[in-house]
Every structure is written in structure tokens, then in C-alpha cells.
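A.B. asks: Below is the file data21.json, with JSON, C-alpha atoms.
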[["chain", "number", "residue", "atom", "x", "y", "z"],
["A", 1, "MET", "CA", 165.51, 68.40, 167.30],
["A", 2, "ALA", "CA", 165.31, 72.04, 166.14],
["A", 3, "ASP", "CA", 161.54, 71.75, 165.62],
["A", 4, "LEU", "CA", 161.12, 70.41, 169.15],
["A", 5, "PHE", "CA", 163.03, 73.32, 170.59],
["A", 6, "GLU", "CA", 160.88, 75.75, 168.62],
["A", 7, "GLU", "CA", 157.72, 74.10, 169.89],
["A", 8, "LEU", "CA", 158.93, 74.16, 173.46],
["A", 9, "ALA", "CA", 160.03, 77.78, 173.26],
["A", 10, "SER", "CA", 156.66, 78.87, 171.89],
["A", 11, "SER", "CA", 154.92, 77.41, 174.92],
["A", 12, "PHE", "CA", 156.85, 79.76, 177.22],
["A", 13, "ASP", "CA", 155.23, 83.04, 176.26],
["A", 14, "PRO", "CA", 155.76, 84.97, 179.53],
["A", 15, "VAL", "CA", 152.39, 86.76, 179.35],
["A", 16, "ALA", "CA", 150.14, 84.19, 177.70],
["A", 17, "ALA", "CA", 151.38, 81.36, 179.91],
["A", 18, "THR", "CA", 150.25, 83.10, 183.09],
["A", 19, "GLU", "CA", 146.93, 84.13, 181.58],
["A", 20, "ARG", "CA", 146.25, 80.57, 180.42],
["A", 21, "ALA", "CA", 146.91, 79.26, 183.91],
["A", 22, "ARG", "CA", 144.63, 81.80, 185.55],
["A", 23, "ALA", "CA", 141.86, 81.11, 183.06],
["A", 24, "ASN", "CA", 142.38, 77.35, 183.47],
["A", 25, "VAL", "CA", 142.47, 76.91, 179.70],
["A", 26, "GLN", "CA", 143.33, 73.47, 178.37],
["A", 27, "ARG", "CA", 146.91, 73.45, 177.12],
["A", 28, "VAL", "CA", 148.61, 71.15, 174.66],
["A", 29, "LEU", "CA", 151.98, 70.39, 176.22],
["A", 30, "PRO", "CA", 155.08, 69.18, 174.37],
["A", 31, "LYS", "CA", 156.40, 65.78, 175.34],
["A", 32, "ARG", "CA", 159.67, 65.66, 177.20],
["A", 33, "PHE", "CA", 162.28, 65.01, 174.54],
["A", 34, "TYR", "CA", 165.46, 65.04, 176.63],
["A", 35, "LYS", "CA", 167.05, 62.80, 179.22],
["A", 36, "ALA", "CA", 169.86, 64.71, 180.88],
["A", 37, "VAL", "CA", 169.86, 68.27, 182.24],
["A", 38, "SER", "CA", 173.07, 70.07, 183.12],
["A", 39, "VAL", "CA", 174.62, 73.47, 183.71],
["A", 40, "GLU", "CA", 177.84, 74.79, 182.21],
["A", 41, "PRO", "CA", 179.73, 78.11, 182.35],
["A", 42, "ALA", "CA", 179.60, 80.21, 179.19],
["A", 43, "ASP", "CA", 180.68, 83.81, 178.64],
["A", 44, "GLY", "CA", 180.67, 84.61, 182.33],
["A", 45, "LEU", "CA", 177.20, 83.10, 182.86],
["A", 46, "HIS", "CA", 175.79, 79.67, 183.66],
["A", 47, "ARG", "CA", 173.58, 78.19, 180.96],
["A", 48, "VAL", "CA", 171.19, 75.25, 181.08],
["A", 49, "LEU", "CA", 171.71, 72.32, 178.72],
["A", 50, "LEU", "CA", 169.35, 69.53, 177.67],
["A", 51, "ASP", "CA", 171.27, 66.50, 176.45],
["A", 52, "GLY", "CA", 174.20, 68.82, 175.93],
["A", 53, "LYS", "CA", 172.28, 71.40, 173.88],
["A", 54, "PRO", "CA", 171.57, 74.90, 175.26],
["A", 55, "VAL", "CA", 168.00, 75.75, 176.21],
["A", 56, "ARG", "CA", 166.63, 78.71, 174.30],
["A", 57, "THR", "CA", 164.11, 81.33, 175.37],
["A", 58, "PRO", "CA", 161.09, 82.07, 173.15],
["A", 59, "ALA", "CA", 163.18, 84.78, 171.44],
["A", 60, "ARG", "CA", 165.96, 82.24, 170.87],
["A", 61, "ASN", "CA", 168.34, 83.66, 173.48],
["A", 62, "ALA", "CA", 170.34, 81.33, 175.67],
["A", 63, "LEU", "CA", 168.70, 80.49, 179.00],
["A", 64, "ALA", "CA", 171.63, 81.67, 181.10],
["A", 65, "VAL", "CA", 172.10, 83.50, 184.41],
["A", 66, "ALA", "CA", 175.04, 84.84, 186.37],
["A", 67, "SER", "CA", 174.13, 83.10, 189.63],
["A", 68, "LEU", "CA", 175.14, 79.44, 189.88],
["A", 69, "ARG", "CA", 172.43, 78.92, 192.51],
["A", 70, "ALA", "CA", 169.76, 80.25, 190.13],
["A", 71, "ALA", "CA", 171.17, 78.13, 187.29],
["A", 72, "CYS", "CA", 170.95, 75.03, 189.46],
["A", 73, "ALA", "CA", 167.35, 75.90, 190.31],
["A", 74, "LEU", "CA", 166.59, 76.21, 186.59],
["A", 75, "GLU", "CA", 168.26, 72.85, 186.05],
["A", 76, "ALA", "CA", 166.07, 71.33, 188.77],
["A", 77, "GLU", "CA", 162.89, 72.65, 187.14],
["A", 78, "TRP", "CA", 163.77, 71.03, 183.82],
["A", 79, "ALA", "CA", 164.90, 67.80, 185.47],
["A", 80, "ALA", "CA", 161.63, 67.56, 187.43],
["A", 81, "GLN", "CA", 159.46, 67.43, 184.29],
["A", 82, "GLY", "CA", 157.68, 64.17, 183.66],
["A", 83, "GLU", "CA", 156.26, 62.81, 180.42],
["A", 84, "PHE", "CA", 155.32, 66.34, 179.33],
["A", 85, "VAL", "CA", 157.03, 69.70, 179.80],
["A", 86, "ASP", "CA", 154.64, 72.01, 181.65],
["A", 87, "PRO", "CA", 155.71, 75.69, 181.88],
["A", 88, "MET", "CA", 153.25, 76.24, 184.72],
["A", 89, "THR", "CA", 155.45, 74.08, 186.94],
["A", 90, "MET", "CA", 158.54, 76.11, 186.00],
["A", 91, "PRO", "CA", 158.12, 79.57, 187.57],
["A", 92, "LEU", "CA", 161.81, 80.42, 187.54],
["A", 93, "THR", "CA", 162.19, 79.51, 183.87],
["A", 94, "ARG", "CA", 159.18, 81.68, 183.00],
["A", 95, "LEU", "CA", 160.57, 84.62, 184.95],
["A", 96, "VAL", "CA", 164.08, 84.36, 183.50],
["A", 97, "ASN", "CA", 162.64, 84.07, 180.00],
["A", 98, "SER", "CA", 160.62, 87.22, 180.61],
["A", 99, "ALA", "CA", 163.68, 89.07, 181.93],
["A", 100, "ILE", "CA", 165.93, 88.07, 179.05],
["A", 101, "ASP", "CA", 163.44, 88.49, 176.21],
["A", 102, "GLY", "CA", 161.25, 91.30, 177.47],
["A", 103, "VAL", "CA", 162.51, 93.33, 180.42],
["A", 104, "SER", "CA", 166.02, 93.68, 179.00],
["A", 105, "ARG", "CA", 164.55, 95.46, 175.95],
["A", 106, "GLU", "CA", 162.13, 97.69, 177.88],
["A", 107, "MET", "CA", 164.07, 98.65, 180.99],
["A", 108, "GLU", "CA", 162.88, 102.25, 181.21],
["A", 109, "ALA", "CA", 159.22, 101.37, 180.63],
["A", 110, "VAL", "CA", 159.38, 98.61, 183.24],
["A", 111, "LYS", "CA", 160.96, 100.98, 185.75],
["A", 112, "ASP", "CA", 158.18, 103.49, 185.10],
["A", 113, "ALA", "CA", 155.50, 100.85, 185.65],
["A", 114, "VAL", "CA", 157.07, 99.54, 188.85],
["A", 115, "ALA", "CA", 157.68, 102.99, 190.33],
["A", 116, "ALA", "CA", 154.08, 103.98, 189.59],
["A", 117, "TYR", "CA", 152.96, 101.53, 192.28],
["A", 118, "ALA", "CA", 154.29, 104.02, 194.83],
["A", 119, "GLY", "CA", 151.28, 106.17, 193.98],
["A", 120, "SER", "CA", 148.80, 103.50, 195.09],
["A", 121, "ASP", "CA", 150.79, 101.14, 197.27],
["A", 122, "LEU", "CA", 148.92, 98.47, 199.22],
["A", 123, "THR", "CA", 150.52, 99.56, 202.49],
["A", 124, "CYS", "CA", 149.01, 103.05, 202.27],
["A", 125, "TYR", "CA", 145.34, 102.00, 202.26],
["A", 126, "ARG", "CA", 143.87, 101.07, 205.62],
["A", 127, "ALA", "CA", 140.60, 99.50, 206.65],
["A", 128, "GLY", "CA", 140.03, 101.63, 209.74],
["A", 129, "GLU", "CA", 137.68, 99.00, 211.11],
["A", 130, "PRO", "CA", 137.16, 96.51, 212.56],
["A", 131, "PRO", "CA", 139.80, 97.51, 215.11],
["A", 132, "ARG", "CA", 141.57, 94.14, 215.04],
["A", 133, "LEU", "CA", 142.11, 94.31, 211.28],
["A", 134, "ASP", "CA", 143.24, 97.91, 211.53],
["A", 135, "HIS", "CA", 145.74, 96.86, 214.20],
["A", 136, "ARG", "CA", 147.09, 94.06, 212.05],
["A", 137, "GLN", "CA", 147.58, 96.41, 209.13],
["A", 138, "ARG", "CA", 149.41, 98.90, 211.29],
["A", 139, "VAL", "CA", 151.70, 96.26, 212.77],
["A", 140, "ALA", "CA", 152.52, 94.83, 209.35],
["A", 141, "TRP", "CA", 152.71, 98.00, 207.28],
["A", 142, "ASP", "CA", 153.76, 100.94, 209.45],
["A", 143, "PRO", "CA", 157.34, 99.63, 209.88],
["A", 144, "VAL", "CA", 157.57, 99.33, 206.09],
["A", 145, "LEU", "CA", 156.57, 102.98, 205.67],
["A", 146, "ASP", "CA", 159.06, 103.94, 208.39],
["A", 147, "TRP", "CA", 161.77, 102.23, 206.37],
["A", 148, "VAL", "CA", 160.67, 103.98, 203.17],
["A", 149, "ALA", "CA", 160.88, 107.33, 204.96],
["A", 150, "ASP", "CA", 164.38, 106.57, 206.22],
["A", 151, "ARG", "CA", 165.58, 105.09, 202.94],
["A", 152, "PHE", "CA", 164.16, 107.65, 200.51],
["A", 153, "GLY", "CA", 163.65, 110.74, 202.65],
["A", 154, "VAL", "CA", 159.92, 110.87, 201.88],
["A", 155, "ARG", "CA", 157.21, 109.32, 204.05],
["A", 156, "PRO", "CA", 154.23, 107.94, 202.14],
["A", 157, "LEU", "CA", 150.80, 109.13, 203.20],
["A", 158, "THR", "CA", 148.14, 106.70, 204.38],
["A", 159, "ILE", "CA", 144.38, 106.89, 204.11],
["A", 160, "VAL", "CA", 141.40, 104.96, 205.40],
["A", 161, "GLY", "CA", 139.36, 103.53, 202.55],
["A", 162, "VAL", "CA", 140.03, 103.14, 198.85],
["A", 163, "VAL", "CA", 139.90, 106.78, 197.70],
["A", 164, "ALA", "CA", 143.22, 107.61, 196.04],
["A", 165, "VAL", "CA", 145.66, 109.67, 198.09],
["A", 166, "ALA", "CA", 148.18, 111.96, 196.39],
["A", 167, "GLN", "CA", 151.63, 110.99, 197.57],
["A", 168, "PRO", "CA", 154.35, 113.58, 198.34],
["A", 169, "PRO", "CA", 156.21, 115.00, 195.34],
["A", 170, "GLY", "CA", 159.40, 113.15, 194.61],
["A", 171, "LEU", "CA", 158.36, 109.80, 196.08],
["A", 172, "ILE", "CA", 157.82, 108.05, 192.76],
["A", 173, "ALA", "CA", 161.04, 109.53, 191.36],
["A", 174, "ALA", "CA", 162.98, 108.38, 194.43],
["A", 175, "ILE", "CA", 161.59, 104.86, 194.11],
["A", 176, "ARG", "CA", 162.38, 104.75, 190.40],
["A", 177, "ALA", "CA", 165.96, 105.86, 190.99],
["A", 178, "ALA", "CA", 166.46, 102.90, 193.35],
["A", 179, "LEU", "CA", 165.43, 100.29, 190.77],
["A", 180, "PRO", "CA", 168.32, 98.19, 189.42],
["A", 181, "ASP", "CA", 169.68, 98.19, 185.88],
["A", 182, "ASP", "CA", 170.09, 94.41, 185.90],
["A", 183, "PRO", "CA", 167.18, 92.89, 183.90],
["A", 184, "LEU", "CA", 166.90, 89.81, 186.09],
["A", 185, "ARG", "CA", 166.70, 91.75, 189.33],
["A", 186, "LEU", "CA", 164.33, 94.29, 187.81],
["A", 187, "ALA", "CA", 162.09, 91.50, 186.52],
["A", 188, "ALA", "CA", 162.10, 89.95, 189.99],
["A", 189, "ILE", "CA", 161.18, 93.25, 191.65],
["A", 190, "GLU", "CA", 158.42, 93.78, 189.10],
["A", 191, "GLN", "CA", 157.03, 90.32, 189.83],
["A", 192, "VAL", "CA", 157.09, 90.81, 193.60],
["A", 193, "THR", "CA", 155.47, 94.23, 193.18],
["A", 194, "THR", "CA", 152.60, 92.90, 191.09],
["A", 195, "LEU", "CA", 152.10, 89.84, 193.31],
["A", 196, "THR", "CA", 151.98, 91.89, 196.52],
["A", 197, "GLY", "CA", 150.56, 95.17, 195.23],
["A", 198, "SER", "CA", 153.44, 96.97, 196.93],
["A", 199, "VAL", "CA", 156.66, 98.34, 195.49],
["A", 200, "PHE", "CA", 157.65, 99.26, 199.05],
["A", 201, "LEU", "CA", 157.53, 95.61, 200.09],
["A", 202, "ALA", "CA", 159.36, 94.60, 196.91],
["A", 203, "LEU", "CA", 162.22, 97.02, 197.53],
["A", 204, "ALA", "CA", 162.40, 96.12, 201.23],
["A", 205, "LEU", "CA", 162.88, 92.53, 200.08],
["A", 206, "ALA", "CA", 165.39, 93.40, 197.35],
["A", 207, "GLU", "CA", 167.47, 95.47, 199.75],
["A", 208, "ARG", "CA", 167.25, 92.78, 202.43],
["A", 209, "HIS", "CA", 165.38, 94.89, 204.93],
["A", 210, "LEU", "CA", 162.65, 92.24, 205.11],
["A", 211, "ALA", "CA", 162.77, 88.46, 204.70],
["A", 212, "ALA", "CA", 160.68, 86.74, 202.06],
["A", 213, "ASP", "CA", 158.17, 85.21, 204.50],
["A", 214, "ASP", "CA", 157.65, 88.56, 206.21],
["A", 215, "VAL", "CA", 156.94, 90.23, 202.87],
["A", 216, "TRP", "CA", 154.50, 87.49, 201.88],
["A", 217, "LEU", "CA", 152.59, 87.72, 205.16],
["A", 218, "ALA", "CA", 152.50, 91.53, 205.01],
["A", 219, "ALA", "CA", 151.02, 91.35, 201.52],
["A", 220, "HIS", "CA", 148.23, 89.03, 202.67],
["A", 221, "VAL", "CA", 147.02, 90.68, 205.87],
["A", 222, "ASP", "CA", 143.58, 91.35, 204.39],
["A", 223, "GLU", "CA", 143.33, 87.96, 202.67],
["A", 224, "ASP", "CA", 144.30, 86.11, 205.84],
["A", 225, "TRP", "CA", 141.78, 88.13, 207.85],
["A", 226, "ASN", "CA", 138.98, 87.16, 205.47],
["A", 227, "ALA", "CA", 140.10, 83.54, 205.54],
["A", 228, "GLU", "CA", 139.85, 83.51, 209.31],
["A", 229, "LEU", "CA", 136.30, 84.83, 209.09],
["A", 230, "TRP", "CA", 134.98, 82.82, 206.16],
["A", 231, "GLY", "CA", 137.41, 79.96, 205.62],
["A", 232, "VAL", "CA", 139.54, 79.12, 202.59],
["A", 233, "ASP", "CA", 138.18, 77.24, 199.59],
["A", 234, "GLU", "CA", 140.31, 74.93, 197.50],
["A", 235, "GLU", "CA", 140.40, 77.19, 194.45],
["A", 236, "ALA", "CA", 141.65, 80.13, 196.51],
["A", 237, "ARG", "CA", 144.31, 77.94, 198.10],
["A", 238, "GLN", "CA", 145.52, 76.79, 194.70],
["A", 239, "ARG", "CA", 145.70, 80.36, 193.39],
["A", 240, "ARG", "CA", 147.73, 81.40, 196.43],
["A", 241, "ASP", "CA", 150.08, 78.43, 196.05],
["A", 242, "PHE", "CA", 150.62, 79.33, 192.39],
["A", 243, "ARG", "CA", 151.39, 82.94, 193.29],
["A", 244, "ARG", "CA", 153.73, 81.82, 196.05],
["A", 245, "ALA", "CA", 155.73, 79.73, 193.59],
["A", 246, "ASP", "CA", 156.12, 82.81, 191.37],
["A", 247, "PHE", "CA", 157.06, 84.86, 194.42],
["A", 248, "ASP", "CA", 159.71, 82.34, 195.49],
["A", 249, "ALA", "CA", 161.19, 82.35, 191.98],
["A", 250, "ALA", "CA", 161.56, 86.13, 192.17],
["A", 251, "CYS", "CA", 163.12, 85.89, 195.64],
["A", 252, "LEU", "CA", 165.72, 83.50, 194.28],
["A", 253, "LEU", "CA", 166.82, 86.06, 191.69],
["A", 254, "LEU", "CA", 167.03, 88.73, 194.39],
["A", 255, "ASP", "CA", 169.05, 86.59, 196.79]]
Would you write out, as C-alpha cells, the structure that this file holds?
C.D. replies:
Amino acid sequence: MADLFEELASSFDPVAATERARANVQRVLPKRFYKAVSVEPADGLHRVLLDGKPVRTPARNALAVASLRAACALEAEWAAQGEFVDPMTMPLTRLVNSAIDGVSREMEAVKDAVAAYAGSDLTCYRAGEPPRLDHRQRVAWDPVLDWVADRFGVRPLTIVGVVAVAQPPGLIAAIRAALPDDPLRLAAIEQVTTLTGSVFLALALAERHLAADDVWLAAHVDEDWNAELWGVDEEARQRRDFRRADFDAACLLLD
């Protein structure tokens, strides 16, 4: 049984797993070796059990979270596996593994990386034309920047085009100071930031200023515009569905 757990843990590399999925590389998946999945309290957390044995992360930490709702969602991911255990169908497990094994050990570096998005945030770069797209961007993004100005006392600058704009001094520091010290929440904010290209949207979600669907739509104004013009192919739809599953997993940890 120990060898099976080692094999399963090794398949959950939080970086390589995502890269394999994006590259569509053939993966050798471990067979499902358990029957029952459950959750039990332990040391103030809720841990996931397979046939009564605790699930381990790739670094051999217990797969455990404070939120019972999140623990039940983890339980559901493991219970939903068929003949094989496929990490690509387990976005919450991947994210929690990453938080426990990686983010918890590199909190300051992760905060730096997330805050740096404030220097090139999606919501600050506008198309200018055609007018209908420019209008959509303004409707979706200007209220977010208004909130940032109210929340942090610094209003981000916007620009038409893709030339970098220097943001006001103190903005990145203010954003960084608002990032949480909890590894799970920080990992979730990092994931939303990278998926949307906007730390402003991620923090608006984390602080419950915006709902998840509103954040997702705001992050895809340009993509949806292009889809209306040119249509959506199946590969693009699958990539978006995969990203949405990762996004929803992060939202669960921020709830």
C-alpha cells in the first residue's frame, strides 16, 4: 500500500501536472486502489482518508484543510475517480497540494510575484477601438479600478495599447500588504491572478467585492469579443473549461 501511495503522490506534481495537461502529453495514470473515501477531523483540520488511511501530498504532508466544505469537495474529487486516478480531473486536490507543499514554504516570494501583477494588470490595458470593445472594457474594468482606488488609496493608470505604463508609487506595496498569510488563501489568490491576468480582480473576489462569475466574465472580455467575431473552436472551449475548473477550485478556498 505504501508504494501505491508514493506512486499516486508523484503524479500530483503541482507544476508538471498542469504543463502536461496543456501540452496534451500522454500520461500513465495509477489505477484506483481504494474503495471508500471519507473525511475526519484531525488537529483542528479536516483530512481526507482513503479506506481509512490519510491521503498524502507529494511532499508526504497530510491532505487536510480547515474548511469542512473544502474537505468535502476534496472527498468528492477522490470519490469521483473511475478505474484510474487522474489528477487533471482533481483541480482542488492539485491546488491544495501546491498550497501545502509549495506556497507555505515560499510565502514571501509568492506574495512578491502576485503583487507584481499590479504593474501590468489586465484591467489597465485598453483596446481603444473598435468602440464597442472599448465600451465593454470600460464597463467591466472601470468599476474594478474604482474599487482599487477606494480600497488602497491609489488609482491605477490605464493606457490604450500594450506599451507598459508605470503605475503610481506605492500601488504594488499596497497590494502586497493586503495579501493573506494563510497559504491556502494565498495559493487561491495566486491561481485566480494567473488565470485572469489581474490581481485586482483576484483581490476583489477574495474580499467579496465581486462574485466569481463577474470576475470570470471580466477576465474574458477580449476573448468573448473575439469569439463573437470568429467563433469558438473545440480546442479553445476545452482550454477554457479546464481553466474554469481551476478557477472554481480557487474560489472554493476563498469562500
A.B. asks: Report, in Å to a single decimal, how far apart atom CA of A:Glu190 and atom CA of A:Val114 are.
C.D. replies: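 Computing the Euclidean distance for atom CA of A:Val114 and atom CA of A:Glu190 yields 5.9 Å.
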A.B. asks: Rank nothing, just name the residue among A:Glu228, A:Glu234, A:Asp255, A:Asp222 nearest to A:Ile189, using all atoms listed in the file.
C.D. replies: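 Closest to A:Ile189 of all the choices is A:Asp255.
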A.B. asks: Might you pull out every residue within 10 Å of A:Ser67, with only C-alpha atoms counted and same-chain residues fewer than 2 positions away left off, and present them as a count of residues only?
C.D. replies: 14
A.B. asks: Just how far from atom CA of A:Ala115 is atom CA of A:Ile172, in Å to one decimal?
C.D. replies: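 Computed distance, atom CA of A:Ile172 to atom CA of A:Ala115, equals 5.6 Å.
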A.B. asks: Write out as a ChimeraX atom specification which residues come within 10 Å of A:Trp147 when counting all atoms listed in the file, dropping same-chain ones fewer than 6 positions away.
C.D. replies: /A:153-155,200,204,209
A.B. asks: Would you mind listing what lies within 9 Å of A:Val215 as a ChimeraX atom specification, with only C-alpha atoms counted and same-chain residues fewer than 6 positions away left out?
C.D. replies: /A:196,201-202,204-205
A.B. asks: What is the distance, in Å and to one decimal place, between atom CA of A:Ala164 and atom CA of A:Glu106?
C.D. replies: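 According to the coordinates, atom CA of A:Ala164 and atom CA of A:Glu106 are separated by 28.0 Å.
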A.B. asks: With distances taken over all atoms listed in the file, which of A:Asp146, A:Pro130, A:Tyr34, A:Pro91 is nearest to A:Arg243?
C.D. replies: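 Smallest separation from A:Arg243 among the options: A:Pro91.
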A.B. asks: Give the answer as one residue: which of A:Leu74, A:Val55, A:Ala80, A:Leu49 has the shortest atom-to-atom distance to A:Leu95, using all atoms listed in the file?
C.D. replies: A:Leu74
A.B. asks: Would you mind listing what lies within 12 Å of A:Arg132 as an MDAnalysis selection string, with all atoms listed in the file counted and same-chain residues fewer than 6 positions away left out?
C.D. replies: chainID A and resid 126 138:139 221:222 225
